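Asker: Below is the file final.cif, with mmCIF, C-alpha atoms.
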```
data_my_file
#
loop_
_atom_site.group_PDB
_atom_site.id
_atom_site.type_symbol
_atom_site.label_atom_id
_atom_site.label_comp_id
_atom_site.auth_asym_id
_atom_site.auth_seq_id
_atom_site.Cartn_x
_atom_site.Cartn_y
_atom_site.Cartn_z
ATOM 1 C CA MET A 1 86.666 119.721 136.591
ATOM 2 C CA LYS A 2 86.002 117.754 133.435
ATOM 3 C CA LYS A 3 84.385 114.408 132.746
ATOM 4 C CA ILE A 4 86.200 112.321 130.161
ATOM 5 C CA GLU A 5 84.337 109.502 128.445
ATOM 6 C CA ALA A 6 86.244 107.384 125.982
ATOM 7 C CA VAL A 7 84.443 104.882 123.770
ATOM 8 C CA ILE A 8 87.058 102.418 122.553
ATOM 9 C CA GLN A 9 87.286 99.026 120.882
ATOM 10 C CA SER A 10 87.214 96.262 123.525
ATOM 11 C CA VAL A 11 90.498 94.818 122.303
ATOM 12 C CA ARG A 12 92.283 98.030 123.378
ATOM 13 C CA GLU A 13 91.047 97.994 127.000
ATOM 14 C CA ASP A 14 94.215 96.551 128.552
ATOM 15 C CA ASP A 15 96.444 98.999 126.672
ATOM 16 C CA VAL A 16 94.333 101.988 127.716
ATOM 17 C CA VAL A 17 94.178 100.868 131.365
ATOM 18 C CA GLU A 18 97.962 100.401 131.422
ATOM 19 C CA SER A 19 98.432 103.850 129.891
ATOM 20 C CA LEU A 20 96.155 105.462 132.484
ATOM 21 C CA ARG A 21 98.001 103.720 135.309
ATOM 22 C CA LYS A 22 101.332 104.959 133.939
ATOM 23 C CA ILE A 23 100.157 108.574 134.234
ATOM 24 C CA LYS A 24 98.849 107.772 137.730
ATOM 25 C CA LEU A 25 95.214 108.573 136.995
ATOM 26 C CA GLY A 26 93.210 108.138 140.196
ATOM 27 C CA GLY A 27 89.940 106.345 139.585
ATOM 28 C CA PHE A 28 87.933 105.432 136.530
ATOM 29 C CA SER A 29 85.143 103.075 135.580
ATOM 30 C CA ILE A 30 84.742 100.804 132.580
ATOM 31 C CA SER A 31 81.421 99.746 131.061
ATOM 32 C CA GLU A 32 80.892 97.118 128.386
ATOM 33 C CA GLY A 33 78.613 97.606 125.442
ATOM 34 C CA ARG A 34 78.066 97.332 121.729
ATOM 35 C CA GLY A 35 78.072 100.152 119.258
ATOM 36 C CA CYS A 36 78.378 101.161 115.644
ATOM 37 C CA GLY A 37 79.541 104.298 113.933
ATOM 38 C CA ARG A 38 78.401 106.161 110.856
ATOM 39 C CA SER A 39 80.284 103.957 108.430
ATOM 40 C CA SER A 40 79.028 100.579 109.680
ATOM 41 C CA LYS A 41 75.709 98.895 110.262
ATOM 42 C CA ASP A 42 77.354 96.087 112.218
ATOM 43 C CA TYR A 43 77.770 96.357 115.966
ATOM 44 C CA SER A 44 81.149 95.815 117.584
ATOM 45 C CA ASN A 45 82.105 95.202 121.180
ATOM 46 C CA ILE A 46 83.133 98.426 122.878
ATOM 47 C CA LYS A 47 84.203 99.670 126.282
ATOM 48 C CA THR A 48 83.423 103.086 127.722
ATOM 49 C CA ILE A 49 86.000 104.432 130.130
ATOM 50 C CA CYS A 50 84.781 107.255 132.340
ATOM 51 C CA THR A 51 86.679 109.502 134.740
ATOM 52 C CA VAL A 52 86.534 113.018 136.166
ATOM 53 C CA VAL A 53 89.753 115.015 136.423
ATOM 54 C CA GLU A 54 90.949 118.482 137.319
ATOM 55 C CA ASP A 55 91.113 120.824 134.318
ATOM 56 C CA SER A 56 94.918 120.774 134.391
ATOM 57 C CA ASN A 57 94.974 117.000 133.710
ATOM 58 C CA VAL A 58 92.580 116.841 130.760
ATOM 59 C CA GLU A 59 95.153 117.005 127.959
ATOM 60 C CA LYS A 60 97.388 114.391 129.603
ATOM 61 C CA VAL A 61 94.507 111.938 130.108
ATOM 62 C CA VAL A 62 93.058 112.452 126.610
ATOM 63 C CA ALA A 63 96.506 111.963 125.043
ATOM 64 C CA ALA A 64 97.124 108.772 127.041
ATOM 65 C CA ILE A 65 93.777 107.292 125.989
ATOM 66 C CA ALA A 66 94.087 108.342 122.346
ATOM 67 C CA GLU A 67 97.592 106.921 121.997
ATOM 68 C CA ALA A 68 96.737 103.602 123.652
ATOM 69 C CA ALA A 69 93.411 103.131 121.824
ATOM 70 C CA HIS A 70 94.717 104.038 118.364
ATOM 71 C CA MET A 71 94.765 101.159 115.842
ATOM 72 C CA SER A 72 94.906 103.205 112.607
ATOM 73 C CA THR A 73 91.493 101.984 111.546
ATOM 74 C CA THR A 74 88.071 103.481 111.123
ATOM 75 C CA GLY A 75 86.157 102.943 114.330
ATOM 76 C CA ASP A 76 89.004 103.326 116.826
ATOM 77 C CA GLY A 77 86.574 105.246 119.030
ATOM 78 C CA LYS A 78 85.800 108.707 120.382
ATOM 79 C CA ILE A 79 86.753 110.752 123.436
ATOM 80 C CA PHE A 80 84.245 113.203 124.893
ATOM 81 C CA VAL A 81 85.151 115.924 127.386
ATOM 82 C CA SER A 82 82.441 117.810 129.255
ATOM 83 C CA PRO A 83 82.318 120.173 132.239
ATOM 84 C CA VAL A 84 81.503 118.954 135.745
ATOM 85 C CA ASP A 85 80.048 121.515 138.130
ATOM 86 C CA GLN A 86 80.234 119.521 141.332
ATOM 87 C CA VAL A 87 81.435 116.266 142.860
ATOM 88 C CA THR A 88 80.047 114.802 146.083
ATOM 89 C CA ASP A 89 81.694 111.930 147.927
ATOM 90 C CA ILE A 90 78.801 109.660 148.871
ATOM 91 C CA SER A 91 80.423 108.154 151.978
ATOM 92 C CA THR A 92 81.277 111.522 153.562
ATOM 93 C CA ASN A 93 78.758 113.787 151.801
ATOM 94 C CA LYS A 94 81.613 116.267 151.261
ATOM 95 C CA GLN A 95 82.030 118.203 148.040
ATOM 96 C CA GLY A 96 84.855 119.572 145.931
ATOM 97 C CA GLU A 97 87.731 118.632 143.617
ATOM 98 C CA LYS A 98 89.719 117.036 146.428
ATOM 99 C CA TYR A 99 87.065 114.288 146.529
ATOM 100 C CA LEU A 100 87.814 113.100 143.011
#
```
Could you show the structure in this file as structure tokens?

Answerer:
Amino acid sequence: MKKIEAVIQSVREDDVVESLRKIKLGGFSISEGRGCGRSSKDYSNIKTICTVVEDSNVEKVVAAIAEAAHMSTTGDGKIFVSPVDQVTDISTNKQGEKYL
């Protein structure tokens, strides 16, 4: 399993959500924030989209986010992929990939 965190410009949220729904991604969460990159001292409004997927779906999800978030400008955002060792469903206390 992999955790995918995408930090995108707020104005691209609807496009990214639509793209993720088109590929039938299960669940994800969106957090609001402000951030700045290396080339700017000014903060901009950002959204962080977070999901955990099976390894076989990583490339598809990353591609969907990258395509929908792309604006051809500096500061379009970043996508981070990291390993997830375990998932536990809080309501059932059961573990495993099928509880994503």

Asker: Care to translate the PyMOL selection byres ((chain A and resi 12) around 10) into actual residues of this file, as a VMD selection string?

Answerer: chain A and resid 8 to 11 13 to 17 46 to 47 65 68 to 71 76

Asker: Would you compute the distance between CA of Val53 in chain A and CA of Lys3 in chain A? Give it in Å to one decimal.

Answerer: 6.5 Å

Asker: Can you tell me how far CA of Glu32 in chain A sits from CA of Ile90 in chain A, in Å to one decimal?

Answerer: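 Distance reported for this atom pair: 24.1 Å.
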
Asker: Between CA of Lys41 in chain A and CA of Gly75 in chain A, what is the spacing in Å?

Answerer: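 CA of Lys41 in chain A lies 11.9 Å from CA of Gly75 in chain A.
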
Asker: Evaluate the PyMOL selection byres ((chain A and resi 54) around 9) on the structure here and hand back the selected residues as a list in words.

Answerer: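 Checking the PyMOL selection byres ((chain A and resi 54) around 9) against this file, the residues are Met1, Lys2, Lys3, Val52, Val53, Asp55, Ser56, Asn57, Val58, Glu97 and Leu100 of chain A.
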
Asker: Could you tell me which of A:Ala66, A:Ala6, A:Gly77, A:Gly96 comes closest to Arg38 in chain A if we count only C-alpha atoms?

Answerer: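 For Arg38 in chain A, the nearest of the given residues is A:Gly77.
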
Asker: So for range 70-85 of chain A, what box centre and size do we get, axis-aligned, 8 Å extra on each of the six sides, every listed atom, Å to one decimal, as AutoDock Vina command-line options?

Answerer:
```
--center_x 87.5 --center_y 111.3 --center_z 124.6 --size_x 30.9 --size_y 36.4 --size_z 43.0
```

Asker: Selection in question (the file shown): the PyMOL selection byres ((chain A and resi 62) around 10). Which residues does it include, as a list in words?

Answerer: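 For this structure, the PyMOL selection byres ((chain A and resi 62) around 10) captures Ile4, Glu5, Ala6, Leu20, Asn57, Val58, Glu59, Lys60, Val61, Ala63, Ala64, Ile65, Ala66, Glu67, Ile79, Phe80 and Val81 of chain A.
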